[in-house]
Each structure stands twice: as C-alpha cells, then as structure tokens.
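Below you'll find the structure, written out as structure tokens, and then a few comments.
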Amino acid sequence: MAKYVYDFTEGNRNLKDLLGGKGANLAEMTNLGLPVPPGFTITTEACRHYLVEGALPGGLDEEIARHLSALETTMGRTLGQTDDPLLVSVRSGAKFSMPGMMETVLNIGLNDESVHGLAKQSGGNERFAWDSYRRLIQMFGKTVLGIDGDHFEQALDDIKGHRQDTDLGAGELQSLVETYKGIVREQTGKDFPADPREQMRLAITAVFDSWNAPRAILYRRQERIPADLGTAVNVVAMVFGNCGNDSGTGVAFTRDPGSGQQGIYGDYLQNAQGEDVVAGIRNTIPLQDLEGLDKHCYDELLQIMEKLENHYRDLCDIEFTIERGKLWMLQTRVGKRTAAAAFRIATQLVDQGLITLDEAVTRVTGDQLAHLMFPRFDAGAAKRKIAKGMNASPGAAVGKVVFSSERAVELAARGEDVILVRRETNPDDLSGMIAARGILTSRGGKTSHAAVVARGMGKTCVCGAEELEVSIGERTFTAPGGVVVGEGDVISIDGTTGEVFLGEVQVADSPVVEYFERGTSAGAVVETGERQGASHDDNLVKAVDRIMRHADEVRRLRVRANADNPEDAARARRFGAEGIGLCRTEHMFLGERRQLVEDLVLASGDAERQAALDALEPLQKADFVGIFQAMDGRPVTVRLIDPPLHEFLPDLTDLSVKVALAEAGSGEVSDKDRRLLAAVKRLHEQNPMLGLRGVRLGLVIPGLFAMQVRAIAQAAKEVPGARPEIMIPLVAAVQELEVVREEAAAILAEVGVDALIGTMIETPRAAVTAGQVAEAAQFFSFGTNDLTQMAWGFSRDDVEAAFFSRYLELGIFGVSPFETLDRDGVGRLVRLATDEGRAVRPDLKVGICGEHGGDPDSVHFCHDAGLDYVSCSPFRIPVARLEAARAALSDNECDTR
C-alpha cells in the first residue's frame, strides 16, 4: 500500500520530490538535532492524486489520523482538547520554493472553548489567546473558505484606527473574533467550523487546491517550474511568537542575499507570528537587535545558522520563532539571492573549501549573468532624491508610477515602463510585479514578500521606504518636503542603494559589461579571492572572472557570434566568441547599395545583370575583409543572401501611389519608376517567407551566389589565416545544394582558397532528409527561427501579438517556442538531422545560429543533442559560455538549478 505521510524523523533533504522543499528540510533539521517542532508531511504524490481524481487517495485519512495521534502523544496534548489544546499549522511546501504563492493556515484547533484553554496554557495571557483565534479565522476564511481578505482587513482597521495591531487589548480582540465569525456567516452562509479535525482536513485540501491558484500558476510560468509536481503539506505543532515581548518571529540569512556579503542579515518582529514578517504589516527590526532583546536565543541562532550553512554548503534562508525565550526552527532552504550575490557567494564558498570550482559554476546561471549586464544609474547624472528605503533587490529601474497590479499589466502591455508602488505587496500582486520594471513599497524589510519575490525574479526593488505616505485610493504618494507623486509620473529607483529619485535618471553600463568589453583573455583580473577593502564592483567582477574562466575550461560546446560587420565581430571576440556562426550578407545590400540591387533586378539582359553584380562584388569583398580581420583566424560562417529581393526594393503601395499621383497630375513618371513598379509587382508574393528566397534566389538569378562566393574567397586570400565557411540557406533538397556547391567549389579552386561548404537546416524536409543533405554538406547550422515557424505552421511576426499570450495563459505554451527551443517538436528535428547527418559524414560540424543560441535552456539542449557550437548575438555570448559549462557539468549529476 502506498505511503502518503512521513514523520519529520523519517525524511531528509534528498526527498524534495516526495516531501517538498519545506518538508524535506524540516526533516533534515530534525535529523541534525535542531529545535524543530514535531510534525509530519503529506506527500506530493497525495497532492497529484487529489488534483487528478478530485478526491484524497484511499487510506490517507487513516494515515493522517495515525500520525496525528503520534504527534499528540509527543506533545502531551490533543487536537480539540479544551483545557490544554494542541494547535497545529498546515503549510504548503513544493519541491521548488514558491514564496507566498500557496497557502498556509496557522493556529488550527482553536474554537470558542479551546481559546480559553490556550489562555490558561500561556499563564493567563488572554490577549495572546484571542489574537491567535482571530488570526485563525482570518487566514482560514481567506485561504480555505475563499472570502475576500479585504473584509477582514477592513474590520481590523476599523477597530485598530491609527494604532498597531499589537496595541489591541484582549477585549478588543475578542470582539474582533465575533466580527470575523459574522463575516464568515455572511459570506458563506455557514458558521466558522468549530471542529478542529474538520479545520485541519479542510486546510489540507485548500493547500492542495492552491497549487493551481492563478498566482501559483503565474509564478510557475515565470520561474519555469513544471506544473505537474504538486505540493506537499506539512502539519506542524504550533509554537507561538505572539505571546508577548519575550516572543517573536524572524527570518535570517547566513549571508546578505542582496550583495553576498558575509555577516548577520535578517529581520525580527516582537510579539508576532511568521506571516507578519513576510507580509510587511509592521516594519521589522534588524536581526542584530535581537542580541539586546534575548542574547541567549540570539547566540543559539547564530550557532545554528553557521551549522546549517556548513551543512548545506550554501546561503541558507531560515525562519524561526521565539516562544517565551525558547528558540524554534520553522524552516530552512537554500536562499534566493540576487545575481551579484550568487556570483560572490559561489566564489566565497570555494575559498572556504566548502565547494569546488565545478560546483561554483553550477551555483550561478546565465540568466543571473545577463542580469548583471543590465545598465545601472550613472553616478555623475543629475538626480533629485526624494526618499530612501531598503536595498532589497539591486538594479536601476525607471518608469511611470502605478498603484495597482492591474494598471501595471495594462501599461506594460502597451510597451510602457512602470514602477509598481504599494504599501506592501502580497501574492495577488504577482502579475503586476512581473509586468513592472521595479517595485517600491513603504513597508516591509529585506525578507518581505516584495523583496523575496523580486530577488527571485531579478527585479529591482526598494522596500520599507517609511518616509513615503502611500495613498492607494488617491493614487499618489507623498515624499518628505511635500513632494506629491501621482500615477503616471516618472520615478527612478536604485535597488542597490535603496534610493528613490523623482524623474528619469540616466543609466550607465554595468561593471560586468565593462569587464567583458576589456576582453576576458586580457588577464586584467586576478584569480584569487576577494580583496580586503576592494569595492563591491571590483569583487563582483573578480567573482565573474573566476567563474567564467573555469566555465571555459570545462565546457565542450563552443560559442560563436551572430555578427554582420567588423564592429560586431570585434565586440564578439572581446566577449569570448570563438568564431562567427552567422554572418548575414543581406545586411550588406542596404543603405546606398539599394541602388545596385535595383539595377540587378531591373537588368534586361546578361550584360546589365553582370554589370550590377560586378559593382556589388568589391563592396562585398571589403565587408568580408573587415570581418575576417576582426576575427583573426577564427572560423566565419557566411550565409549567402537569404531574403526575397523585393525586401530591397521600394514598397509596392508607396511606389504605386507615387506613379498614380504623377499620372493623375499629368506629371512625368520616370521610366525607372515604371520599370520598378512592374518589377515589384512581378516579385510580389502572398507569402514571401515561403517563396523566392535563399537557395532559390541563387538558382534563379545567374551569377548572384557566384559573386558572393568570389567576394568571400578573394577577401579570405587577402587576410592571412582567414577561415571562411560558406552556408547555403533554405535548402530543402540535396539537389539544390549540389548545384550551388559545384559552382562555389569551382570558384574557390580558381581563387586558391579552402573553405567549408555547408547548409542551414531550416526546413522540416531538410531535417528529415539530413542523411541525403550531408552527402553534399560539410556542416549543418540549424536556423531555428525559420525551423520553428515551419514546424509549428505560423509566422512569428503575425502570431506573437495575436494569440501567444492566450496560449501561455492556457498552458499550451510554457514559454514562447521562439524564446526557448521546443524540445519535443523542433528539438526532435534537430536530433534527427544531427544523427542522420553524422551517420553519413562522421566529421560533420553541427551548430545552431537562431535566436535560441543564447537562451540558457536551449544551450543545454544543444549540448545534450551533441552539437558542436551555438551562435548568438555578441551580448549573449557570456551567457552561452556559462550555460555550456553548466550543461557539461550536469552530465556529472551536478545540480544545475
């Protein structure tokens, strides 16, 4: 019979798939002998069964009853006992951290009788007992019964006025309980359930249901967490931080999650329960201040923090409660951190001997590296500072102020940059947080909901700017000095310093981009640990340098650049490119050269056509000379002209109007305009992306490809060490390639230059006949933009705005197939073509040059599929280098998440 429930003494941290992150880590801390309240975990398997079948698995109720009975024996109290009650919390816990996205219910077991027993149990603390009861009804009502939380918040505000919630007396809280019970009756038509076991059962199913709550679904899509994992449920004996000033709750980090700096970081809140800290309803005090309030618990906490970091060998995020001078550990997990902190912590742990450089590479991601390359505010720019809060998540964000998530989504959909301003955020604000450039709150600390979620998303965030008076109703906030900022006004927020500025502040390049611009082989950065007294930027760059150098040593997959001119080629080299995987020649036909293309199209015979080609050839050659020189002996894959020729001609409508207006006004219409109009009409296609383009142009227009091949060959002969590779686009049949290859090989032999001749695999037919194509191709390069369009049967330019958002919302796409390679469809074509091509030509070189070449997940796929290289835009090269290394190390079963 399946086992669905595990006591904390039965699990460990390696069982995250089964017990979820929270349950696995509670079990691990229990095994370490740390002070963890006893409890048990209901597995993710039970959740998946419930979500599929709509009912709890058979036998689960009996398993829960047995474990609850064991918990009651351990605690010496019974759930539902009136004079000395056992209370429990019911908490979610998925494999991957989803902060605030699913449900938690505290204080289960309280009712009108047991609340008096709780007061007696706490030494007559009536206030504590009634505070716990009102919290249960409020959380249960919102979470389990689906009541709008504003009803409870309004009732609390009405009785509280301008006071803090801690200022309410026992009588007021008892009155609030009655008000809350009335809200439950009014909103549901039923009384609040008094049976503690019913409370627990309903809470468990509510946590399971919350796996598919809209905010949880949205968060999973944002973080690319699989939708079929499900959540575990943890039932834990309650310990109370709201017993008075000798109690409290807090969140601690073993290092600063914002910078990576070693030290004591976290927030503490006296006389509170855990949800108060992350919700930011009251501003916390720094964790260091706990030493003056309760030195014994403070010292014990520091010892535990050190033990956990050494055990997990990573930054740990810890939740704890102090109940009347007794420390309890409620959760630990590997903490979310900013991109800068990730790189610094990884190298610090190497220097401490806790992890290897291989492991350090797996501890950082390409997305984090990309975030470090974002601009920051220019230190010399004019600024008008209006407030300062906590530097919760670094970066520079500029945008229009909005006060609701709905408005943030609306404006962002129009392409406008926005800053979401709230008193504090809650999980329902997730859509607005995703849409916004940055988040600003007037309440909460570095462990508030806004801070934790923003760090996880790499979003700029300033929290706890207490100087700001935020009026959501009036859609304004007021800063010191009477500065009033309304919705639509522009502000700038600095997540690194916590500063808030009025208006737009100029941004500057990040130090990491400056480091890459110097060239990573320049050796300007030493490879030792952080230097004492060095600036944060210097130590960050040093950390990036160490990891990137090691990444280059361990990766198998090579990284090339998509570059069409010498400037981009030179930058690509500085960023670590090992060649050019895609040089688009059509960009060389733009600007003043359009005239020559027009002459080519309008040519009335062989002589005129050859004259136009002869005029283009030296221009093309000069382009290639510059690119070959910039790449200094590295391979350069040149794609022969690909787009339809009409793209280089005047627009059909514009030209038609011009001719019609001239004729209507009896004006003179030039012979060239008439001929151009006829040519444009002749070349016009209903679907040009599936028309006369690519290899078809080379076969239909004599001499076009020959001119380009000759220009490439002559440029290569002029540049010592040049390594050209000639790529034929849009091949669908090997016969097309054979004709072009024969002509190209003859020209190369005539000029006396060696060059590989290959093709771009971008049609499904080329992929499924790759064995035939490989007989004539020395290399394949997958053009995954077109291959994705043709495999899915839609045009990127037309469909992304038309229905992609709906497809993402419905879960048809987890992510756009143009952003991350579709492994099941397009990826299967890539694997098939690679395998069949190499079966015919074992030395076949295979790469990818579509936009997917710089996407982290797609890079991992390319490694797994056995490709030789990826090619991407220059600024994505460092990301691809890092992810290629992470992919290689994942073969050794290193954790790459």
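As shown in the structure tokens, the chain order sets the letters A, B, ...; within each chain, residues go from 1, and ligands are also counted from 1 in the order they appear.
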- For segment 811-823 of chain A: contacts at 12 Å, only C-alpha atoms, fewer than 4 positions along chain excluded, given as a PyMOL selection string: chain A and resi 212+214+217-228+782-792+794-797+799-801+803-807+827-832+848+850-862+864-865
- May I have all residues of segment 301-454 of chain A that DSSP, computed from the backbone, assigns to strand (DSSP E), given as a PyMOL selection string? chain A and resi 316-323+326-334+376-377+385-388+390-393+396-402+418-422+438-441
- Message: Using only C-alpha atoms, which protein or nucleic acid residues come within 12 Å of Val484 of chain A? Drop anything in the same chain fewer than 3 positions from it, and give the result as a PyMOL selection string.
- Response: chain A and resi 386-387+401+468-471+474-481+487+489-491+502
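Close contacts of segment 126-130 of chain A, defined as residues with an atom at most 8 Å away when counting only C-alpha atoms, with chain neighbours fewer than 4 positions off set aside, comprise Val115, His116, Leu118, Ala119, Arg134, Gly169, Ala170, Gly171, Leu173, Gln174, Val177, Asn242, Cys243 and Gly244 of chain A.
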Create the file for the chosen residues now, containing N, CA, C and O atoms and written as an mmCIF file, in the first residue's frame.
data_model
loop_
_atom_site.group_PDB
_atom_site.id
_atom_site.type_symbol
_atom_site.label_atom_id
_atom_site.label_comp_id
_atom_site.auth_asym_id
_atom_site.auth_seq_id
_atom_site.Cartn_x
_atom_site.Cartn_y
_atom_site.Cartn_z
ATOM 1 N N VAL A 115 -10.043 28.293 23.074
ATOM 2 C CA VAL A 115 -9.345 29.565 23.211
ATOM 3 C C VAL A 115 -9.090 29.886 24.680
ATOM 4 O O VAL A 115 -8.048 30.447 25.042
ATOM 5 N N HIS A 116 -10.010 29.472 25.539
ATOM 6 C CA HIS A 116 -9.802 29.684 26.978
ATOM 7 C C HIS A 116 -8.704 28.754 27.494
ATOM 8 O O HIS A 116 -7.915 29.136 28.375
ATOM 9 N N LEU A 118 -6.168 27.783 25.737
ATOM 10 C CA LEU A 118 -4.901 28.343 25.280
ATOM 11 C C LEU A 118 -4.452 29.475 26.195
ATOM 12 O O LEU A 118 -3.260 29.594 26.514
ATOM 13 N N ALA A 119 -5.416 30.285 26.639
ATOM 14 C CA ALA A 119 -5.073 31.371 27.565
ATOM 15 C C ALA A 119 -4.517 30.797 28.873
ATOM 16 O O ALA A 119 -3.514 31.286 29.416
ATOM 17 N N ARG A 134 -8.283 35.114 16.356
ATOM 18 C CA ARG A 134 -8.700 35.988 15.247
ATOM 19 C C ARG A 134 -7.828 35.726 14.017
ATOM 20 O O ARG A 134 -8.304 35.815 12.885
ATOM 21 N N GLY A 169 -6.174 45.319 22.865
ATOM 22 C CA GLY A 169 -6.293 44.538 24.081
ATOM 23 C C GLY A 169 -7.091 43.266 23.884
ATOM 24 O O GLY A 169 -7.696 43.038 22.830
ATOM 25 N N ALA A 170 -7.124 42.422 24.937
ATOM 26 C CA ALA A 170 -7.820 41.141 24.859
ATOM 27 C C ALA A 170 -9.295 41.336 24.530
ATOM 28 O O ALA A 170 -9.874 40.593 23.720
ATOM 29 N N GLY A 171 -9.941 42.319 25.163
ATOM 30 C CA GLY A 171 -11.353 42.554 24.910
ATOM 31 C C GLY A 171 -11.620 42.954 23.471
ATOM 32 O O GLY A 171 -12.603 42.500 22.849
ATOM 33 N N LEU A 173 -9.783 42.215 20.887
ATOM 34 C CA LEU A 173 -9.539 41.053 20.021
ATOM 35 C C LEU A 173 -10.687 40.046 20.111
ATOM 36 O O LEU A 173 -11.067 39.424 19.118
ATOM 37 N N GLN A 174 -11.267 39.898 21.322
ATOM 38 C CA GLN A 174 -12.423 39.007 21.467
ATOM 39 C C GLN A 174 -13.589 39.543 20.643
ATOM 40 O O GLN A 174 -14.302 38.780 19.979
ATOM 41 N N VAL A 177 -12.981 38.780 17.028
ATOM 42 C CA VAL A 177 -13.305 37.389 16.705
ATOM 43 C C VAL A 177 -14.781 37.260 16.352
ATOM 44 O O VAL A 177 -15.152 36.592 15.373
ATOM 45 N N ASN A 242 3.660 35.216 19.239
ATOM 46 C CA ASN A 242 2.793 36.344 19.624
ATOM 47 C C ASN A 242 2.352 36.248 21.078
ATOM 48 O O ASN A 242 1.253 36.663 21.432
ATOM 49 N N CYS A 243 3.241 35.687 21.928
ATOM 50 C CA CYS A 243 2.909 35.535 23.351
ATOM 51 C C CYS A 243 3.237 36.778 24.173
ATOM 52 O O CYS A 243 2.931 36.827 25.366
ATOM 53 N N GLY A 244 3.896 37.747 23.587
ATOM 54 C CA GLY A 244 4.317 38.926 24.332
ATOM 55 C C GLY A 244 5.691 39.364 23.870
ATOM 56 O O GLY A 244 6.244 38.843 22.876
#
- Write out as a list in words each polymer residue whose atoms come within 8 Å of Asn107 of chain A, counting only C-alpha atoms; drop sequence neighbours fewer than 2 positions from it. Leu87, Val88, Ser89, Val105, Gly109, Leu110, Ser132, Tyr133, Arg135, Leu136 and Met238 of chain A
Put those residues in a file: N, CA, C and O atoms, as a PDB file, in the first residue's frame.
ATOM      1  N   LEU A  87      -2.422  22.809  19.130  1.00  0.00           N
ATOM      2  CA  LEU A  87      -2.722  23.545  17.903  1.00  0.00           C
ATOM      3  C   LEU A  87      -1.661  23.198  16.862  1.00  0.00           C
ATOM      4  O   LEU A  87      -0.503  22.917  17.194  1.00  0.00           O
ATOM      5  N   VAL A  88      -2.054  23.207  15.597  1.00  0.00           N
ATOM      6  CA  VAL A  88      -1.120  22.882  14.521  1.00  0.00           C
ATOM      7  C   VAL A  88      -1.227  23.930  13.415  1.00  0.00           C
ATOM      8  O   VAL A  88      -2.234  24.629  13.295  1.00  0.00           O
ATOM      9  N   SER A  89      -0.181  23.996  12.634  1.00  0.00           N
ATOM     10  CA  SER A  89      -0.217  24.783  11.395  1.00  0.00           C
ATOM     11  C   SER A  89      -0.267  23.814  10.231  1.00  0.00           C
ATOM     12  O   SER A  89       0.229  22.680  10.320  1.00  0.00           O
ATOM     13  N   VAL A 105      -2.133  27.947   6.880  1.00  0.00           N
ATOM     14  CA  VAL A 105      -3.113  28.273   7.915  1.00  0.00           C
ATOM     15  C   VAL A 105      -2.483  27.951   9.267  1.00  0.00           C
ATOM     16  O   VAL A 105      -2.023  26.827   9.500  1.00  0.00           O
ATOM     17  N   GLY A 109      -7.193  24.360  15.409  1.00  0.00           N
ATOM     18  CA  GLY A 109      -7.555  23.700  16.660  1.00  0.00           C
ATOM     19  C   GLY A 109      -8.261  24.627  17.624  1.00  0.00           C
ATOM     20  O   GLY A 109      -8.792  24.190  18.652  1.00  0.00           O
ATOM     21  N   LEU A 110      -8.299  25.929  17.312  1.00  0.00           N
ATOM     22  CA  LEU A 110      -8.972  26.878  18.200  1.00  0.00           C
ATOM     23  C   LEU A 110     -10.453  26.971  17.879  1.00  0.00           C
ATOM     24  O   LEU A 110     -10.870  26.914  16.720  1.00  0.00           O
ATOM     25  N   SER A 132      -4.529  34.878  18.640  1.00  0.00           N
ATOM     26  CA  SER A 132      -4.329  33.656  17.862  1.00  0.00           C
ATOM     27  C   SER A 132      -5.637  33.199  17.208  1.00  0.00           C
ATOM     28  O   SER A 132      -5.638  32.749  16.052  1.00  0.00           O
ATOM     29  N   TYR A 133      -6.740  33.327  17.942  1.00  0.00           N
ATOM     30  CA  TYR A 133      -8.038  32.905  17.410  1.00  0.00           C
ATOM     31  C   TYR A 133      -8.447  33.788  16.231  1.00  0.00           C
ATOM     32  O   TYR A 133      -8.910  33.303  15.193  1.00  0.00           O
ATOM     33  N   ARG A 135      -6.539  35.390  14.233  1.00  0.00           N
ATOM     34  CA  ARG A 135      -5.670  35.078  13.109  1.00  0.00           C
ATOM     35  C   ARG A 135      -6.147  33.813  12.390  1.00  0.00           C
ATOM     36  O   ARG A 135      -6.129  33.734  11.158  1.00  0.00           O
ATOM     37  N   LEU A 136      -6.550  32.802  13.153  1.00  0.00           N
ATOM     38  CA  LEU A 136      -7.059  31.579  12.545  1.00  0.00           C
ATOM     39  C   LEU A 136      -8.259  31.870  11.659  1.00  0.00           C
ATOM     40  O   LEU A 136      -8.323  31.443  10.501  1.00  0.00           O
ATOM     41  N   MET A 238       2.130  23.876  16.671  1.00  0.00           N
ATOM     42  CA  MET A 238       2.294  25.316  16.738  1.00  0.00           C
ATOM     43  C   MET A 238       3.253  25.717  17.856  1.00  0.00           C
ATOM     44  O   MET A 238       3.196  25.183  18.961  1.00  0.00           O
TER      45      MET A 238
END
- Message: Give me, as number ranges by chain, all polymer residues having an atom no more than 6 Å from segment 259-266 of chain A, counting only C-alpha atoms and skipping those fewer than 3 positions away in the same chain.
- Response: A: 251-253, 255-256, 287, 341, 344-345
Residues of segment 713-790 of chain A that approach segment 579-599 of chain A to 12 Å or less, counting only C-alpha atoms: could you list each one with the shortest pair of atoms and its distance in Å to one decimal, rows by chain and increasing residue number, as JSON lines?
{"residue": "A:Ala722", "atom": "CA", "partner": "A:Gly579", "partner_atom": "CA", "distance": 10.9}
{"residue": "A:Arg723", "atom": "CA", "partner": "A:Gly579", "partner_atom": "CA", "distance": 9.3}
{"residue": "A:Pro724", "atom": "CA", "partner": "A:Ile580", "partner_atom": "CA", "distance": 9.5}
{"residue": "A:Glu725", "atom": "CA", "partner": "A:Gly581", "partner_atom": "CA", "distance": 9.0}
{"residue": "A:Ile726", "atom": "CA", "partner": "A:Cys583", "partner_atom": "CA", "distance": 9.8}
{"residue": "A:Met727", "atom": "CA", "partner": "A:Leu582", "partner_atom": "CA", "distance": 8.7}
{"residue": "A:Ile728", "atom": "CA", "partner": "A:Arg584", "partner_atom": "CA", "distance": 11.2}
{"residue": "A:Pro729", "atom": "CA", "partner": "A:Arg584", "partner_atom": "CA", "distance": 10.4}
{"residue": "A:Gly758", "atom": "CA", "partner": "A:Gly581", "partner_atom": "CA", "distance": 11.9}
{"residue": "A:Thr759", "atom": "CA", "partner": "A:Leu582", "partner_atom": "CA", "distance": 11.4}
{"residue": "A:Met760", "atom": "CA", "partner": "A:Leu582", "partner_atom": "CA", "distance": 9.9}
{"residue": "A:Phe779", "atom": "CA", "partner": "A:Gly581", "partner_atom": "CA", "distance": 11.2}
{"residue": "A:Phe780", "atom": "CA", "partner": "A:Gly581", "partner_atom": "CA", "distance": 10.7}
{"residue": "A:Ser781", "atom": "CA", "partner": "A:Gly581", "partner_atom": "CA", "distance": 8.0}
{"residue": "A:Phe782", "atom": "CA", "partner": "A:Gly581", "partner_atom": "CA", "distance": 10.3}
{"residue": "A:Gly783", "atom": "CA", "partner": "A:Leu582", "partner_atom": "CA", "distance": 9.6}
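We find atom CA of Gly23 of chain A and atom CA of Asp148 of chain A to be spaced 29.0 Å apart.
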Please report, as a tab-separated table (two decimals) with N, CA and C atoms, in the first residue's frame, each residue of segment 731-793 of chain A to which DSSP assigns helix (DSSP H, G or I) when run on this structure's backbone.
chain	number	residue	atom	x	y	z
A	734	VAL	N	18.63	17.91	-51.45
A	734	VAL	CA	20.07	17.83	-51.64
A	734	VAL	C	20.47	18.29	-53.04
A	735	GLN	N	19.57	18.14	-54.02
A	735	GLN	CA	19.89	18.54	-55.37
A	735	GLN	C	20.14	20.05	-55.48
A	736	GLU	N	19.39	20.85	-54.69
A	736	GLU	CA	19.62	22.29	-54.67
A	736	GLU	C	21.05	22.58	-54.20
A	737	LEU	N	21.43	21.91	-53.14
A	737	LEU	CA	22.75	22.15	-52.56
A	737	LEU	C	23.85	21.70	-53.52
A	738	GLU	N	23.63	20.59	-54.19
A	738	GLU	CA	24.65	20.06	-55.10
A	738	GLU	C	24.97	21.05	-56.21
A	739	VAL	N	23.93	21.68	-56.77
A	739	VAL	CA	24.15	22.63	-57.87
A	739	VAL	C	24.98	23.81	-57.39
A	740	VAL	N	24.59	24.40	-56.23
A	740	VAL	CA	25.31	25.57	-55.71
A	740	VAL	C	26.71	25.19	-55.27
A	741	ARG	N	26.86	24.04	-54.65
A	741	ARG	CA	28.18	23.63	-54.17
A	741	ARG	C	29.16	23.45	-55.32
A	742	GLU	N	28.70	22.87	-56.41
A	742	GLU	CA	29.59	22.66	-57.55
A	742	GLU	C	30.13	23.99	-58.07
A	743	GLU	N	29.23	24.98	-58.18
A	743	GLU	CA	29.67	26.30	-58.65
A	743	GLU	C	30.62	26.95	-57.65
A	744	ALA	N	30.28	26.87	-56.36
A	744	ALA	CA	31.10	27.50	-55.32
A	744	ALA	C	32.48	26.85	-55.24
A	745	ALA	N	32.53	25.52	-55.34
A	745	ALA	CA	33.82	24.82	-55.26
A	745	ALA	C	34.73	25.21	-56.40
A	746	ALA	N	34.15	25.42	-57.55
A	746	ALA	CA	34.95	25.82	-58.72
A	746	ALA	C	35.56	27.20	-58.50
A	747	ILE	N	34.78	28.11	-57.95
A	747	ILE	CA	35.28	29.47	-57.71
A	747	ILE	C	36.38	29.45	-56.65
A	748	LEU	N	36.19	28.70	-55.58
A	748	LEU	CA	37.21	28.60	-54.53
A	748	LEU	C	38.52	28.05	-55.08
A	749	ALA	N	38.42	27.04	-55.93
A	749	ALA	CA	39.61	26.45	-56.53
A	749	ALA	C	40.30	27.45	-57.44
A	750	GLU	N	39.50	28.22	-58.17
A	750	GLU	CA	40.05	29.22	-59.09
A	750	GLU	C	40.83	30.31	-58.33
A	751	VAL	N	40.26	30.75	-57.19
A	751	VAL	CA	40.92	31.79	-56.40
A	751	VAL	C	42.06	31.20	-55.56
A	764	PRO	N	11.68	21.69	-42.45
A	764	PRO	CA	11.49	20.33	-41.94
A	764	PRO	C	11.96	19.25	-42.91
A	765	ARG	N	11.80	19.51	-44.23
A	765	ARG	CA	12.23	18.49	-45.18
A	765	ARG	C	13.74	18.29	-45.14
A	766	ALA	N	14.48	19.37	-44.99
A	766	ALA	CA	15.93	19.23	-44.89
A	766	ALA	C	16.30	18.42	-43.66
A	767	ALA	N	15.56	18.63	-42.57
A	767	ALA	CA	15.85	17.91	-41.33
A	767	ALA	C	15.59	16.42	-41.48
A	768	VAL	N	14.48	16.05	-42.11
A	768	VAL	CA	14.13	14.62	-42.19
A	768	VAL	C	14.86	13.92	-43.33
A	770	ALA	N	18.18	14.64	-43.79
A	770	ALA	CA	19.53	15.12	-43.48
A	770	ALA	C	20.60	14.14	-43.94
A	771	GLY	N	20.30	12.86	-43.97
A	771	GLY	CA	21.28	11.89	-44.45
A	771	GLY	C	21.66	12.15	-45.89
A	772	GLN	N	20.67	12.50	-46.71
A	772	GLN	CA	20.96	12.85	-48.11
A	772	GLN	C	21.71	14.18	-48.19
A	773	VAL	N	21.24	15.18	-47.42
A	773	VAL	CA	21.84	16.51	-47.48
A	773	VAL	C	23.31	16.46	-47.06
A	784	THR	N	16.98	27.97	-36.33
A	784	THR	CA	15.80	27.54	-35.56
A	784	THR	C	14.67	28.56	-35.58
A	785	ASN	N	14.93	29.81	-36.00
A	785	ASN	CA	13.80	30.74	-36.13
A	785	ASN	C	12.85	30.25	-37.21
A	786	ASP	N	13.39	30.01	-38.43
A	786	ASP	CA	12.54	29.52	-39.51
A	786	ASP	C	12.07	28.09	-39.26
A	787	LEU	N	12.94	27.26	-38.70
A	787	LEU	CA	12.54	25.88	-38.44
A	787	LEU	C	11.37	25.84	-37.47
A	788	THR	N	11.37	26.72	-36.49
A	788	THR	CA	10.25	26.80	-35.55
A	788	THR	C	8.98	27.26	-36.26
A	789	GLN	N	9.10	28.27	-37.11
A	789	GLN	CA	7.92	28.76	-37.84
A	789	GLN	C	7.32	27.65	-38.71
A	790	MET	N	8.18	26.95	-39.44
A	790	MET	CA	7.67	25.95	-40.37
A	790	MET	C	7.17	24.71	-39.65
A	791	ALA	N	7.82	24.35	-38.53
A	791	ALA	CA	7.37	23.16	-37.78
A	791	ALA	C	6.01	23.42	-37.14
A	792	TRP	N	5.82	24.64	-36.60
A	792	TRP	CA	4.56	24.97	-35.95
A	792	TRP	C	3.49	25.45	-36.94
Any chance you could tabulate, as a Markdown table, the residues of segment 199-313 of chain A at most 12 Å from segment 30-37 of chain A with each one's nearest atom pair and distance in Å to one decimal, using only C-alpha atoms, in chain and rising number order?
| residue | atom | partner | partner_atom | distance |
| --- | --- | --- | --- | --- |
| A:Asn234 | CA | A:Pro37 | CA | 11.4 |
| A:Val235 | CA | A:Pro37 | CA | 10.1 |
| A:Val236 | CA | A:Pro37 | CA | 6.5 |
| A:Ala237 | CA | A:Pro37 | CA | 5.7 |
| A:Met238 | CA | A:Pro37 | CA | 7.3 |
| A:Val239 | CA | A:Pro37 | CA | 7.3 |
| A:Phe240 | CA | A:Pro37 | CA | 10.9 |
| A:Cys297 | CA | A:Pro35 | CA | 11.6 |
| A:Glu300 | CA | A:Leu34 | CA | 10.3 |
| A:Leu301 | CA | A:Leu34 | CA | 10.3 |
| A:Gln303 | CA | A:Leu34 | CA | 10.6 |
| A:Ile304 | CA | A:Leu34 | CA | 7.6 |
| A:Met305 | CA | A:Leu34 | CA | 10.7 |
| A:Lys307 | CA | A:Leu32 | CA | 9.2 |
| A:Leu308 | CA | A:Leu32 | CA | 9.1 |
| A:His311 | CA | A:Leu32 | CA | 9.4 |
| A:Tyr312 | CA | A:Leu32 | CA | 11.7 |
- Query: Ala888 of chain A: which residues within 9 Å, counting only C-alpha atoms, same-chain residues fewer than 2 positions away excluded, as a PyMOL selection string?
  - Reply: chain A and resi 554-557+860+863-864+883-886+890-892
- Message: Restricting the calculation to only C-alpha atoms: of A:Ala435, A:Leu430, A:Val421, A:Leu699, which residue gets closest to Val452 of chain A?
- Response: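 Ranking A:Ala435, A:Leu430, A:Val421, A:Leu699 by distance to Val452 of chain A, first place goes to A:Leu430.
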- Work out how far atom CA of Glu499 of chain A is from atom CA of Thr347 of chain A, in Å to one decimal.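 Calculated distance between atom CA of Thr347 of chain A and atom CA of Glu499 of chain A is 28.5 Å.
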